[in-house]
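Novice: Got a structure for you, work_2.txt, holding compact mmCIF, N, CA and C atoms and all ligand atoms.
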```txt
# COMPACT_ATOMS: atom_id res chain seq x y z
N MET Z 1 -45.66 -6.84 -1.91
CA MET Z 1 -44.61 -6.15 -2.63
C MET Z 1 -43.30 -6.25 -1.84
N SER Z 2 -42.20 -6.50 -2.54
CA SER Z 2 -40.89 -6.63 -1.90
C SER Z 2 -40.19 -5.27 -1.88
N THR Z 3 -39.72 -4.86 -0.77
CA THR Z 3 -38.99 -3.59 -0.64
C THR Z 3 -37.59 -3.87 -0.12
N TRP Z 4 -36.77 -2.84 -0.01
CA TRP Z 4 -35.39 -3.03 0.43
C TRP Z 4 -35.31 -3.67 1.82
N GLU Z 5 -36.36 -3.48 2.63
CA GLU Z 5 -36.31 -4.05 3.97
C GLU Z 5 -36.33 -5.58 3.96
N HIS Z 6 -36.76 -6.15 2.82
CA HIS Z 6 -36.83 -7.60 2.72
C HIS Z 6 -35.55 -8.22 2.17
N ASN Z 7 -34.63 -7.38 1.70
CA ASN Z 7 -33.36 -7.92 1.18
C ASN Z 7 -32.55 -8.53 2.31
N LYS Z 8 -31.87 -9.64 2.00
CA LYS Z 8 -30.99 -10.25 2.99
C LYS Z 8 -29.69 -9.47 3.07
N VAL Z 9 -29.12 -9.41 4.25
CA VAL Z 9 -27.85 -8.74 4.43
C VAL Z 9 -26.76 -9.58 3.78
N GLY Z 10 -25.91 -8.94 2.96
CA GLY Z 10 -24.84 -9.69 2.32
C GLY Z 10 -23.55 -8.92 2.36
N CYS Z 11 -22.44 -9.64 2.47
CA CYS Z 11 -21.09 -9.05 2.43
C CYS Z 11 -20.91 -7.96 3.49
N ILE Z 12 -21.58 -8.07 4.57
CA ILE Z 12 -21.42 -7.08 5.65
C ILE Z 12 -21.03 -7.83 6.92
N LEU Z 13 -19.97 -7.35 7.58
CA LEU Z 13 -19.54 -7.95 8.83
C LEU Z 13 -20.15 -7.13 9.96
N LEU Z 14 -21.10 -7.71 10.64
CA LEU Z 14 -21.88 -6.95 11.62
C LEU Z 14 -21.26 -6.93 13.01
N GLU Z 15 -20.36 -7.87 13.27
CA GLU Z 15 -19.71 -7.90 14.58
C GLU Z 15 -18.26 -7.49 14.43
N LYS Z 16 -17.71 -6.85 15.45
CA LYS Z 16 -16.31 -6.44 15.36
C LYS Z 16 -15.39 -7.66 15.37
N ASN Z 17 -14.20 -7.47 14.78
CA ASN Z 17 -13.15 -8.49 14.68
C ASN Z 17 -13.47 -9.63 13.71
N GLN Z 18 -14.58 -9.55 12.97
CA GLN Z 18 -14.89 -10.63 12.03
C GLN Z 18 -13.98 -10.61 10.80
N ALA Z 19 -13.33 -9.48 10.52
CA ALA Z 19 -12.46 -9.40 9.34
C ALA Z 19 -11.06 -9.94 9.64
N GLN Z 20 -10.77 -10.21 10.89
CA GLN Z 20 -9.41 -10.62 11.25
C GLN Z 20 -8.88 -11.84 10.50
N PRO Z 21 -9.71 -12.85 10.19
CA PRO Z 21 -9.16 -14.01 9.46
C PRO Z 21 -8.77 -13.69 8.02
N PHE Z 22 -9.26 -12.59 7.47
CA PHE Z 22 -9.02 -12.28 6.06
C PHE Z 22 -7.74 -11.46 5.92
N LYS Z 23 -6.62 -12.11 5.97
CA LYS Z 23 -5.33 -11.41 5.89
C LYS Z 23 -4.99 -11.18 4.42
N LYS Z 24 -4.71 -9.92 4.07
CA LYS Z 24 -4.46 -9.56 2.68
C LYS Z 24 -2.98 -9.36 2.39
N GLY Z 25 -2.16 -9.42 3.41
CA GLY Z 25 -0.75 -9.11 3.23
C GLY Z 25 -0.02 -10.05 2.30
N ASP Z 26 -0.48 -11.29 2.17
CA ASP Z 26 0.25 -12.25 1.34
C ASP Z 26 0.08 -11.99 -0.16
N LYS Z 27 -0.80 -11.08 -0.53
CA LYS Z 27 -1.00 -10.74 -1.95
C LYS Z 27 -0.28 -9.44 -2.33
N ARG Z 28 0.42 -8.85 -1.38
CA ARG Z 28 1.02 -7.53 -1.59
C ARG Z 28 2.26 -7.62 -2.47
N THR Z 29 2.41 -6.66 -3.41
CA THR Z 29 3.64 -6.57 -4.21
C THR Z 29 4.48 -5.38 -3.78
N GLN Z 30 3.85 -4.41 -3.11
CA GLN Z 30 4.57 -3.26 -2.58
C GLN Z 30 4.15 -3.05 -1.13
N LYS Z 31 5.01 -2.36 -0.40
CA LYS Z 31 4.66 -2.06 1.00
C LYS Z 31 5.10 -0.64 1.33
N PRO Z 32 4.46 0.00 2.30
CA PRO Z 32 4.85 1.35 2.67
C PRO Z 32 6.11 1.36 3.54
N ALA Z 33 6.97 2.35 3.28
CA ALA Z 33 8.16 2.54 4.11
C ALA Z 33 8.13 3.97 4.64
N TRP Z 34 8.34 4.14 5.91
CA TRP Z 34 8.23 5.45 6.55
C TRP Z 34 9.58 6.14 6.66
N ASP Z 35 9.60 7.43 6.34
CA ASP Z 35 10.76 8.27 6.63
C ASP Z 35 10.40 9.02 7.92
N THR Z 36 10.90 8.55 9.02
CA THR Z 36 10.47 9.08 10.31
C THR Z 36 10.90 10.54 10.53
N ASP Z 37 11.93 10.98 9.79
CA ASP Z 37 12.34 12.39 9.93
C ASP Z 37 11.29 13.33 9.34
N LYS Z 38 10.53 12.87 8.36
CA LYS Z 38 9.52 13.71 7.72
C LYS Z 38 8.15 13.61 8.40
N CYS Z 39 7.93 12.58 9.17
CA CYS Z 39 6.61 12.34 9.76
C CYS Z 39 6.30 13.36 10.86
N THR Z 40 5.12 13.99 10.75
CA THR Z 40 4.69 14.97 11.75
C THR Z 40 3.70 14.37 12.76
N LYS Z 41 3.44 13.07 12.63
CA LYS Z 41 2.51 12.36 13.52
C LYS Z 41 1.08 12.87 13.39
N CYS Z 42 0.71 13.30 12.17
CA CYS Z 42 -0.63 13.87 11.97
C CYS Z 42 -1.71 12.80 11.93
N ALA Z 43 -1.33 11.55 11.66
CA ALA Z 43 -2.24 10.40 11.66
C ALA Z 43 -3.15 10.32 10.43
N LEU Z 44 -2.88 11.11 9.39
CA LEU Z 44 -3.71 10.98 8.18
C LEU Z 44 -3.58 9.59 7.56
N CYS Z 45 -2.38 9.04 7.55
CA CYS Z 45 -2.20 7.70 6.99
C CYS Z 45 -3.06 6.69 7.76
N TYR Z 46 -3.07 6.82 9.04
CA TYR Z 46 -3.86 5.94 9.91
C TYR Z 46 -5.35 6.04 9.57
N LEU Z 47 -5.80 7.27 9.32
CA LEU Z 47 -7.22 7.49 9.05
C LEU Z 47 -7.62 7.01 7.65
N TYR Z 48 -6.72 7.15 6.69
CA TYR Z 48 -7.08 6.84 5.31
C TYR Z 48 -6.90 5.37 4.94
N CYS Z 49 -6.13 4.62 5.67
CA CYS Z 49 -5.89 3.22 5.30
C CYS Z 49 -7.23 2.47 5.23
N PRO Z 50 -7.59 1.93 4.07
CA PRO Z 50 -8.90 1.29 3.94
C PRO Z 50 -9.01 -0.03 4.69
N ASP Z 51 -7.87 -0.58 5.10
CA ASP Z 51 -7.91 -1.85 5.81
C ASP Z 51 -7.57 -1.73 7.29
N ALA Z 52 -7.51 -0.50 7.77
CA ALA Z 52 -7.15 -0.27 9.17
C ALA Z 52 -5.88 -1.04 9.54
N ALA Z 53 -4.93 -1.03 8.60
CA ALA Z 53 -3.70 -1.81 8.78
C ALA Z 53 -2.59 -1.01 9.43
N ILE Z 54 -2.81 0.30 9.62
CA ILE Z 54 -1.76 1.14 10.21
C ILE Z 54 -2.02 1.29 11.70
N ARG Z 55 -0.97 1.13 12.45
CA ARG Z 55 -1.11 1.25 13.91
C ARG Z 55 -0.09 2.26 14.43
N GLU Z 56 -0.44 2.87 15.54
CA GLU Z 56 0.45 3.84 16.17
C GLU Z 56 1.40 3.12 17.11
N LYS Z 57 2.65 3.51 17.04
CA LYS Z 57 3.64 2.91 17.93
C LYS Z 57 3.73 3.74 19.22
N ALA Z 58 4.45 3.23 20.18
CA ALA Z 58 4.55 3.90 21.48
C ALA Z 58 5.15 5.30 21.36
N ASP Z 59 6.01 5.52 20.35
CA ASP Z 59 6.63 6.84 20.18
C ASP Z 59 5.78 7.81 19.38
N GLY Z 60 4.56 7.40 18.99
CA GLY Z 60 3.66 8.30 18.25
C GLY Z 60 3.82 8.21 16.74
N LEU Z 61 4.83 7.49 16.27
CA LEU Z 61 4.99 7.25 14.83
C LEU Z 61 4.08 6.08 14.44
N PHE Z 62 4.02 5.83 13.13
CA PHE Z 62 3.09 4.82 12.65
C PHE Z 62 3.81 3.73 11.87
N GLU Z 63 3.17 2.57 11.77
CA GLU Z 63 3.70 1.46 11.00
C GLU Z 63 2.53 0.64 10.46
N ALA Z 64 2.80 -0.14 9.41
CA ALA Z 64 1.76 -0.98 8.83
C ALA Z 64 1.89 -2.40 9.36
N ASP Z 65 0.77 -3.01 9.64
CA ASP Z 65 0.75 -4.41 10.05
C ASP Z 65 0.91 -5.26 8.78
N PRO Z 66 2.00 -6.00 8.64
CA PRO Z 66 2.23 -6.75 7.40
C PRO Z 66 1.16 -7.80 7.10
N ASP Z 67 0.45 -8.26 8.09
CA ASP Z 67 -0.62 -9.25 7.85
C ASP Z 67 -1.81 -8.63 7.12
N TYR Z 68 -2.04 -7.34 7.36
CA TYR Z 68 -3.28 -6.73 6.84
C TYR Z 68 -3.05 -5.64 5.79
N CYS Z 69 -1.83 -5.15 5.65
CA CYS Z 69 -1.55 -4.15 4.61
C CYS Z 69 -1.57 -4.84 3.25
N LYS Z 70 -2.39 -4.33 2.33
CA LYS Z 70 -2.48 -4.96 1.00
C LYS Z 70 -1.64 -4.23 -0.04
N GLY Z 71 -0.92 -3.19 0.38
CA GLY Z 71 -0.01 -2.50 -0.53
C GLY Z 71 -0.68 -1.59 -1.53
N CYS Z 72 -1.81 -1.03 -1.17
CA CYS Z 72 -2.58 -0.19 -2.13
C CYS Z 72 -1.92 1.16 -2.37
N GLY Z 73 -1.14 1.67 -1.43
CA GLY Z 73 -0.45 2.94 -1.62
C GLY Z 73 -1.24 4.17 -1.23
N ILE Z 74 -2.43 3.99 -0.72
CA ILE Z 74 -3.25 5.15 -0.34
C ILE Z 74 -2.57 5.97 0.75
N CYS Z 75 -1.95 5.31 1.70
CA CYS Z 75 -1.28 6.03 2.79
C CYS Z 75 -0.18 6.94 2.23
N ALA Z 76 0.59 6.42 1.27
CA ALA Z 76 1.67 7.23 0.66
C ALA Z 76 1.09 8.40 -0.12
N ARG Z 77 -0.01 8.17 -0.77
CA ARG Z 77 -0.66 9.22 -1.57
C ARG Z 77 -1.21 10.33 -0.66
N GLU Z 78 -1.76 9.97 0.47
CA GLU Z 78 -2.43 10.93 1.34
C GLU Z 78 -1.49 11.66 2.30
N CYS Z 79 -0.29 11.14 2.48
CA CYS Z 79 0.64 11.82 3.40
C CYS Z 79 1.12 13.13 2.77
N TRP Z 80 0.76 14.23 3.38
CA TRP Z 80 1.11 15.56 2.84
C TRP Z 80 2.60 15.84 2.95
N PHE Z 81 3.30 15.11 3.76
CA PHE Z 81 4.69 15.44 4.07
C PHE Z 81 5.69 14.53 3.36
N GLY Z 82 5.20 13.67 2.51
CA GLY Z 82 6.09 12.78 1.76
C GLY Z 82 6.86 11.82 2.65
N ALA Z 83 6.25 11.45 3.75
CA ALA Z 83 6.96 10.59 4.70
C ALA Z 83 6.82 9.11 4.40
N ILE Z 84 5.95 8.78 3.44
CA ILE Z 84 5.75 7.36 3.12
C ILE Z 84 6.08 7.13 1.65
N SER Z 85 6.89 6.13 1.40
CA SER Z 85 7.20 5.70 0.02
C SER Z 85 6.77 4.24 -0.11
N MET Z 86 6.31 3.89 -1.30
CA MET Z 86 5.98 2.49 -1.54
C MET Z 86 7.24 1.81 -2.10
N VAL Z 87 7.62 0.71 -1.49
CA VAL Z 87 8.80 -0.02 -1.92
C VAL Z 87 8.39 -1.45 -2.28
N GLU Z 88 9.19 -2.09 -3.11
CA GLU Z 88 8.87 -3.45 -3.53
C GLU Z 88 8.92 -4.42 -2.37
N GLU Z 89 7.96 -5.32 -2.36
CA GLU Z 89 7.95 -6.38 -1.36
C GLU Z 89 9.05 -7.39 -1.71
N ARG Z 90 9.77 -7.86 -0.76
CA ARG Z 90 10.81 -8.87 -1.03
C ARG Z 90 10.54 -10.14 -0.26
S1 LIG O 1 0.29 10.94 7.11
FE1 LIG O 1 2.51 11.15 6.91
S2 LIG O 1 3.09 12.76 8.38
FE2 LIG O 1 1.03 12.05 8.91
S3 LIG O 1 1.38 10.45 10.48
FE3 LIG O 1 1.24 9.42 8.48
S4 LIG O 1 3.39 9.27 7.79
FE4 LIG O 1 3.32 10.79 9.43
S1 LIG O 2 -0.51 0.49 1.54
FE1 LIG O 2 -2.78 0.58 1.70
S2 LIG O 2 -3.31 -1.14 3.03
FE2 LIG O 2 -1.11 -0.77 3.30
S3 LIG O 2 -0.95 0.58 5.07
FE3 LIG O 2 -1.00 1.88 3.23
S4 LIG O 2 -3.16 2.41 2.95
FE4 LIG O 2 -3.09 0.66 4.35
```
Would you mind writing the file's structure down as structure tokens?
Specialist:
Amino acid sequence: MSTWEHNKVGCILLEKNQAQPFKKGDKRTQKPAWDTDKCTKCALCYLYCPDAAIREKADGLFEADPDYCKGCGICARECWFGAISMVEER
């Protein structure tokens, strides 16, 4: 009898850094823009980004890596302080 233990692993990256070649930024139509005056450095945007595309800068503020941000807008939606707006990609 075949059980779940016999299924082959699929679509799972088991080693770290294996997703790095899959850059999604070139498909983006919008990108996040930060209003640094409103940012409280709570890091919710960093935690919620599904692509781990947000990084902390030396001053404690955050920015999106253009290579990996796909423009989904989740960071803007989750920021309680309205510090992120989605703007058109140019
Ligand atoms: S969620 Fe908003 S307030 Fe919090 S760190 Fe991100 S931009 Fe700043
Ligand atoms: S728009 Fe989406 S992919 Fe880009 S930084 Fe925000 S949450 Fe991450």
Novice: Separation of atom C of Asp67 (chain Z) and atom C of Ala33 (chain Z), in Å?
Specialist: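 Atom-to-atom, atom C of Asp67 (chain Z) to atom C of Ala33 (chain Z), that is 16.2 Å.
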Novice: Distance limit 10 Å, reference ligand LIG 1 (chain O), atoms considered: only C-alpha atoms and all ligand atoms. Which residues make the cut? Give them as a PDB file with N, CA and C atoms, in the coordinates of the input.
Specialist:
```
ATOM      1  N   PRO Z  32       4.460   0.000   2.300  1.00  0.00           N
ATOM      2  CA  PRO Z  32       4.850   1.350   2.670  1.00  0.00           C
ATOM      3  C   PRO Z  32       6.110   1.360   3.540  1.00  0.00           C
ATOM      4  N   ALA Z  33       6.970   2.350   3.280  1.00  0.00           N
ATOM      5  CA  ALA Z  33       8.160   2.540   4.110  1.00  0.00           C
ATOM      6  C   ALA Z  33       8.130   3.970   4.640  1.00  0.00           C
ATOM      7  N   TRP Z  34       8.340   4.140   5.910  1.00  0.00           N
ATOM      8  CA  TRP Z  34       8.230   5.450   6.550  1.00  0.00           C
ATOM      9  C   TRP Z  34       9.580   6.140   6.660  1.00  0.00           C
ATOM     10  N   ASP Z  35       9.600   7.430   6.340  1.00  0.00           N
ATOM     11  CA  ASP Z  35      10.760   8.270   6.630  1.00  0.00           C
ATOM     12  C   ASP Z  35      10.400   9.020   7.920  1.00  0.00           C
ATOM     13  N   THR Z  36      10.900   8.550   9.020  1.00  0.00           N
ATOM     14  CA  THR Z  36      10.470   9.080  10.310  1.00  0.00           C
ATOM     15  C   THR Z  36      10.900  10.540  10.530  1.00  0.00           C
ATOM     16  N   ASP Z  37      11.930  10.980   9.790  1.00  0.00           N
ATOM     17  CA  ASP Z  37      12.340  12.390   9.930  1.00  0.00           C
ATOM     18  C   ASP Z  37      11.290  13.330   9.340  1.00  0.00           C
ATOM     19  N   LYS Z  38      10.530  12.870   8.360  1.00  0.00           N
ATOM     20  CA  LYS Z  38       9.520  13.710   7.720  1.00  0.00           C
ATOM     21  C   LYS Z  38       8.150  13.610   8.400  1.00  0.00           C
ATOM     22  N   CYS Z  39       7.930  12.580   9.170  1.00  0.00           N
ATOM     23  CA  CYS Z  39       6.610  12.340   9.760  1.00  0.00           C
ATOM     24  C   CYS Z  39       6.300  13.360  10.860  1.00  0.00           C
ATOM     25  N   THR Z  40       5.120  13.990  10.750  1.00  0.00           N
ATOM     26  CA  THR Z  40       4.690  14.970  11.750  1.00  0.00           C
ATOM     27  C   THR Z  40       3.700  14.370  12.760  1.00  0.00           C
ATOM     28  N   LYS Z  41       3.440  13.070  12.630  1.00  0.00           N
ATOM     29  CA  LYS Z  41       2.510  12.360  13.520  1.00  0.00           C
ATOM     30  C   LYS Z  41       1.080  12.870  13.390  1.00  0.00           C
ATOM     31  N   CYS Z  42       0.710  13.300  12.170  1.00  0.00           N
ATOM     32  CA  CYS Z  42      -0.630  13.870  11.970  1.00  0.00           C
ATOM     33  C   CYS Z  42      -1.710  12.800  11.930  1.00  0.00           C
ATOM     34  N   ALA Z  43      -1.330  11.550  11.660  1.00  0.00           N
ATOM     35  CA  ALA Z  43      -2.240  10.400  11.660  1.00  0.00           C
ATOM     36  C   ALA Z  43      -3.150  10.320  10.430  1.00  0.00           C
ATOM     37  N   LEU Z  44      -2.880  11.110   9.390  1.00  0.00           N
ATOM     38  CA  LEU Z  44      -3.710  10.980   8.180  1.00  0.00           C
ATOM     39  C   LEU Z  44      -3.580   9.590   7.560  1.00  0.00           C
ATOM     40  N   CYS Z  45      -2.380   9.040   7.550  1.00  0.00           N
ATOM     41  CA  CYS Z  45      -2.200   7.700   6.990  1.00  0.00           C
ATOM     42  C   CYS Z  45      -3.060   6.690   7.760  1.00  0.00           C
ATOM     43  N   TYR Z  46      -3.070   6.820   9.040  1.00  0.00           N
ATOM     44  CA  TYR Z  46      -3.860   5.940   9.910  1.00  0.00           C
ATOM     45  C   TYR Z  46      -5.350   6.040   9.570  1.00  0.00           C
ATOM     46  N   LEU Z  47      -5.800   7.270   9.320  1.00  0.00           N
ATOM     47  CA  LEU Z  47      -7.220   7.490   9.050  1.00  0.00           C
ATOM     48  C   LEU Z  47      -7.620   7.010   7.650  1.00  0.00           C
ATOM     49  N   TYR Z  48      -6.720   7.150   6.690  1.00  0.00           N
ATOM     50  CA  TYR Z  48      -7.080   6.840   5.310  1.00  0.00           C
ATOM     51  C   TYR Z  48      -6.900   5.370   4.940  1.00  0.00           C
ATOM     52  N   CYS Z  49      -6.130   4.620   5.670  1.00  0.00           N
ATOM     53  CA  CYS Z  49      -5.890   3.220   5.300  1.00  0.00           C
ATOM     54  C   CYS Z  49      -7.230   2.470   5.230  1.00  0.00           C
ATOM     55  N   ILE Z  54      -2.810   0.300   9.620  1.00  0.00           N
ATOM     56  CA  ILE Z  54      -1.760   1.140  10.210  1.00  0.00           C
ATOM     57  C   ILE Z  54      -2.020   1.290  11.700  1.00  0.00           C
ATOM     58  N   GLU Z  56      -0.440   2.870  15.540  1.00  0.00           N
ATOM     59  CA  GLU Z  56       0.450   3.840  16.170  1.00  0.00           C
ATOM     60  C   GLU Z  56       1.400   3.120  17.110  1.00  0.00           C
ATOM     61  N   GLY Z  60       4.560   7.400  18.990  1.00  0.00           N
ATOM     62  CA  GLY Z  60       3.660   8.300  18.250  1.00  0.00           C
ATOM     63  C   GLY Z  60       3.820   8.210  16.740  1.00  0.00           C
ATOM     64  N   LEU Z  61       4.830   7.490  16.270  1.00  0.00           N
ATOM     65  CA  LEU Z  61       4.990   7.250  14.830  1.00  0.00           C
ATOM     66  C   LEU Z  61       4.080   6.080  14.440  1.00  0.00           C
ATOM     67  N   PHE Z  62       4.020   5.830  13.130  1.00  0.00           N
ATOM     68  CA  PHE Z  62       3.090   4.820  12.650  1.00  0.00           C
ATOM     69  C   PHE Z  62       3.810   3.730  11.870  1.00  0.00           C
ATOM     70  N   GLU Z  63       3.170   2.570  11.770  1.00  0.00           N
ATOM     71  CA  GLU Z  63       3.700   1.460  11.000  1.00  0.00           C
ATOM     72  C   GLU Z  63       2.530   0.640  10.460  1.00  0.00           C
ATOM     73  N   CYS Z  75      -1.950   5.310   1.700  1.00  0.00           N
ATOM     74  CA  CYS Z  75      -1.280   6.030   2.790  1.00  0.00           C
ATOM     75  C   CYS Z  75      -0.180   6.940   2.230  1.00  0.00           C
ATOM     76  N   ALA Z  76       0.590   6.420   1.270  1.00  0.00           N
ATOM     77  CA  ALA Z  76       1.670   7.230   0.660  1.00  0.00           C
ATOM     78  C   ALA Z  76       1.090   8.400  -0.120  1.00  0.00           C
ATOM     79  N   ARG Z  77      -0.010   8.170  -0.770  1.00  0.00           N
ATOM     80  CA  ARG Z  77      -0.660   9.220  -1.570  1.00  0.00           C
ATOM     81  C   ARG Z  77      -1.210  10.330  -0.660  1.00  0.00           C
ATOM     82  N   GLU Z  78      -1.760   9.970   0.470  1.00  0.00           N
ATOM     83  CA  GLU Z  78      -2.430  10.930   1.340  1.00  0.00           C
ATOM     84  C   GLU Z  78      -1.490  11.660   2.300  1.00  0.00           C
ATOM     85  N   CYS Z  79      -0.290  11.140   2.480  1.00  0.00           N
ATOM     86  CA  CYS Z  79       0.640  11.820   3.400  1.00  0.00           C
ATOM     87  C   CYS Z  79       1.120  13.130   2.770  1.00  0.00           C
ATOM     88  N   TRP Z  80       0.760  14.230   3.380  1.00  0.00           N
ATOM     89  CA  TRP Z  80       1.110  15.560   2.840  1.00  0.00           C
ATOM     90  C   TRP Z  80       2.600  15.840   2.950  1.00  0.00           C
ATOM     91  N   PHE Z  81       3.300  15.110   3.760  1.00  0.00           N
ATOM     92  CA  PHE Z  81       4.690  15.440   4.070  1.00  0.00           C
ATOM     93  C   PHE Z  81       5.690  14.530   3.360  1.00  0.00           C
ATOM     94  N   GLY Z  82       5.200  13.670   2.510  1.00  0.00           N
ATOM     95  CA  GLY Z  82       6.090  12.780   1.760  1.00  0.00           C
ATOM     96  C   GLY Z  82       6.860  11.820   2.650  1.00  0.00           C
ATOM     97  N   ALA Z  83       6.250  11.450   3.750  1.00  0.00           N
ATOM     98  CA  ALA Z  83       6.960  10.590   4.700  1.00  0.00           C
ATOM     99  C   ALA Z  83       6.820   9.110   4.400  1.00  0.00           C
ATOM    100  N   ILE Z  84       5.950   8.780   3.440  1.00  0.00           N
ATOM    101  CA  ILE Z  84       5.750   7.360   3.120  1.00  0.00           C
ATOM    102  C   ILE Z  84       6.080   7.130   1.650  1.00  0.00           C
ATOM    103  N   SER Z  85       6.890   6.130   1.400  1.00  0.00           N
ATOM    104  CA  SER Z  85       7.200   5.700   0.020  1.00  0.00           C
ATOM    105  C   SER Z  85       6.770   4.240  -0.110  1.00  0.00           C
TER     106      SER Z  85
END
```
Novice: What are the closest atom pairs, with distances in Å to one decimal, for all residues of chain Z lying within 6 Å of ligand LIG 2 (chain O)? Consider only C-alpha atoms and all ligand atoms, order rows by chain and residue number, and present the result as JSON lines.
Specialist:
```
{"residue": "Z:Lys31", "atom": "CA", "partner": "O:LIG2", "partner_atom": "S1", "distance": 5.8}
{"residue": "Z:Pro32", "atom": "CA", "partner": "O:LIG2", "partner_atom": "S1", "distance": 5.5}
{"residue": "Z:Cys49", "atom": "CA", "partner": "O:LIG2", "partner_atom": "S4", "distance": 3.7}
{"residue": "Z:Pro50", "atom": "CA", "partner": "O:LIG2", "partner_atom": "FE4", "distance": 5.9}
{"residue": "Z:Asp51", "atom": "CA", "partner": "O:LIG2", "partner_atom": "S2", "distance": 5.4}
{"residue": "Z:Ala53", "atom": "CA", "partner": "O:LIG2", "partner_atom": "FE4", "distance": 5.1}
{"residue": "Z:Ile54", "atom": "CA", "partner": "O:LIG2", "partner_atom": "S3", "distance": 5.2}
{"residue": "Z:Ala64", "atom": "CA", "partner": "O:LIG2", "partner_atom": "S3", "distance": 4.9}
{"residue": "Z:Cys69", "atom": "CA", "partner": "O:LIG2", "partner_atom": "FE2", "distance": 3.7}
{"residue": "Z:Lys70", "atom": "CA", "partner": "O:LIG2", "partner_atom": "S2", "distance": 4.4}
{"residue": "Z:Gly71", "atom": "CA", "partner": "O:LIG2", "partner_atom": "S1", "distance": 3.7}
{"residue": "Z:Cys72", "atom": "CA", "partner": "O:LIG2", "partner_atom": "FE1", "distance": 3.9}
{"residue": "Z:Gly73", "atom": "CA", "partner": "O:LIG2", "partner_atom": "S1", "distance": 4.0}
{"residue": "Z:Ile74", "atom": "CA", "partner": "O:LIG2", "partner_atom": "S4", "distance": 4.3}
{"residue": "Z:Cys75", "atom": "CA", "partner": "O:LIG2", "partner_atom": "S4", "distance": 4.1}
```
Novice: Generate a file of the selected residues that holds N, CA and C atoms, formatted as a CSV table (one decimal), in the frame of the given file.
Specialist:
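Printed below is again_19.csv as written:
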```csv
chain,number,residue,atom,x,y,z
Z,31,LYS,N,5.0,-2.4,-0.4
Z,31,LYS,CA,4.7,-2.1,1.0
Z,31,LYS,C,5.1,-0.6,1.3
Z,32,PRO,N,4.5,0.0,2.3
Z,32,PRO,CA,4.8,1.4,2.7
Z,32,PRO,C,6.1,1.4,3.5
Z,49,CYS,N,-6.1,4.6,5.7
Z,49,CYS,CA,-5.9,3.2,5.3
Z,49,CYS,C,-7.2,2.5,5.2
Z,50,PRO,N,-7.6,1.9,4.1
Z,50,PRO,CA,-8.9,1.3,3.9
Z,50,PRO,C,-9.0,0.0,4.7
Z,51,ASP,N,-7.9,-0.6,5.1
Z,51,ASP,CA,-7.9,-1.8,5.8
Z,51,ASP,C,-7.6,-1.7,7.3
Z,53,ALA,N,-4.9,-1.0,8.6
Z,53,ALA,CA,-3.7,-1.8,8.8
Z,53,ALA,C,-2.6,-1.0,9.4
Z,54,ILE,N,-2.8,0.3,9.6
Z,54,ILE,CA,-1.8,1.1,10.2
Z,54,ILE,C,-2.0,1.3,11.7
Z,64,ALA,N,2.8,-0.1,9.4
Z,64,ALA,CA,1.8,-1.0,8.8
Z,64,ALA,C,1.9,-2.4,9.4
Z,69,CYS,N,-1.8,-5.2,5.6
Z,69,CYS,CA,-1.6,-4.2,4.6
Z,69,CYS,C,-1.6,-4.8,3.2
Z,70,LYS,N,-2.4,-4.3,2.3
Z,70,LYS,CA,-2.5,-5.0,1.0
Z,70,LYS,C,-1.6,-4.2,0.0
Z,71,GLY,N,-0.9,-3.2,0.4
Z,71,GLY,CA,0.0,-2.5,-0.5
Z,71,GLY,C,-0.7,-1.6,-1.5
Z,72,CYS,N,-1.8,-1.0,-1.2
Z,72,CYS,CA,-2.6,-0.2,-2.1
Z,72,CYS,C,-1.9,1.2,-2.4
Z,73,GLY,N,-1.1,1.7,-1.4
Z,73,GLY,CA,-0.4,2.9,-1.6
Z,73,GLY,C,-1.2,4.2,-1.2
Z,74,ILE,N,-2.4,4.0,-0.7
Z,74,ILE,CA,-3.2,5.2,-0.3
Z,74,ILE,C,-2.6,6.0,0.8
Z,75,CYS,N,-2.0,5.3,1.7
Z,75,CYS,CA,-1.3,6.0,2.8
Z,75,CYS,C,-0.2,6.9,2.2
```
Novice: Can you work out the spacing between CA of Arg90 (chain Z) and CA of Asn17 (chain Z) in Å, to one decimal?
Specialist: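 Value for the CA of Arg90 (chain Z)-CA of Asn17 (chain Z) distance: 28.7 Å.
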Novice: I need the strand (DSSP E or B) residues of chain Z per DSSP on the backbone, written as a PyMOL selection string.
Specialist: chain Z and resi 30-34+54-56+62-64+84-88
Novice: Between CA of Pro66 (chain Z) and atom N of Gln30 (chain Z), what is the spacing in Å?
Specialist: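 Those two atoms sit 10.9 Å apart.
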Novice: List every residue of chain Z that DSSP, applied to the backbone, labels as alpha helix (DSSP H), and write the result as a list in words.
Specialist: Leu44, Cys45, Tyr46, Leu47, Tyr48, Ile74, Cys75, Ala76, Arg77 and Glu78 of chain Z
Novice: Could you write out the selected residues, including N, CA and C atoms, as a compact mmCIF listing (two decimals), in the frame of the given file?
Specialist:
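Written output follows (again.txt):
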```txt
# COMPACT_ATOMS: atom_id res chain seq x y z
N LEU Z 44 -2.88 11.11 9.39
CA LEU Z 44 -3.71 10.98 8.18
C LEU Z 44 -3.58 9.59 7.56
N CYS Z 45 -2.38 9.04 7.55
CA CYS Z 45 -2.20 7.70 6.99
C CYS Z 45 -3.06 6.69 7.76
N TYR Z 46 -3.07 6.82 9.04
CA TYR Z 46 -3.86 5.94 9.91
C TYR Z 46 -5.35 6.04 9.57
N LEU Z 47 -5.80 7.27 9.32
CA LEU Z 47 -7.22 7.49 9.05
C LEU Z 47 -7.62 7.01 7.65
N TYR Z 48 -6.72 7.15 6.69
CA TYR Z 48 -7.08 6.84 5.31
C TYR Z 48 -6.90 5.37 4.94
N ILE Z 74 -2.43 3.99 -0.72
CA ILE Z 74 -3.25 5.15 -0.34
C ILE Z 74 -2.57 5.97 0.75
N CYS Z 75 -1.95 5.31 1.70
CA CYS Z 75 -1.28 6.03 2.79
C CYS Z 75 -0.18 6.94 2.23
N ALA Z 76 0.59 6.42 1.27
CA ALA Z 76 1.67 7.23 0.66
C ALA Z 76 1.09 8.40 -0.12
N ARG Z 77 -0.01 8.17 -0.77
CA ARG Z 77 -0.66 9.22 -1.57
C ARG Z 77 -1.21 10.33 -0.66
N GLU Z 78 -1.76 9.97 0.47
CA GLU Z 78 -2.43 10.93 1.34
C GLU Z 78 -1.49 11.66 2.30
```
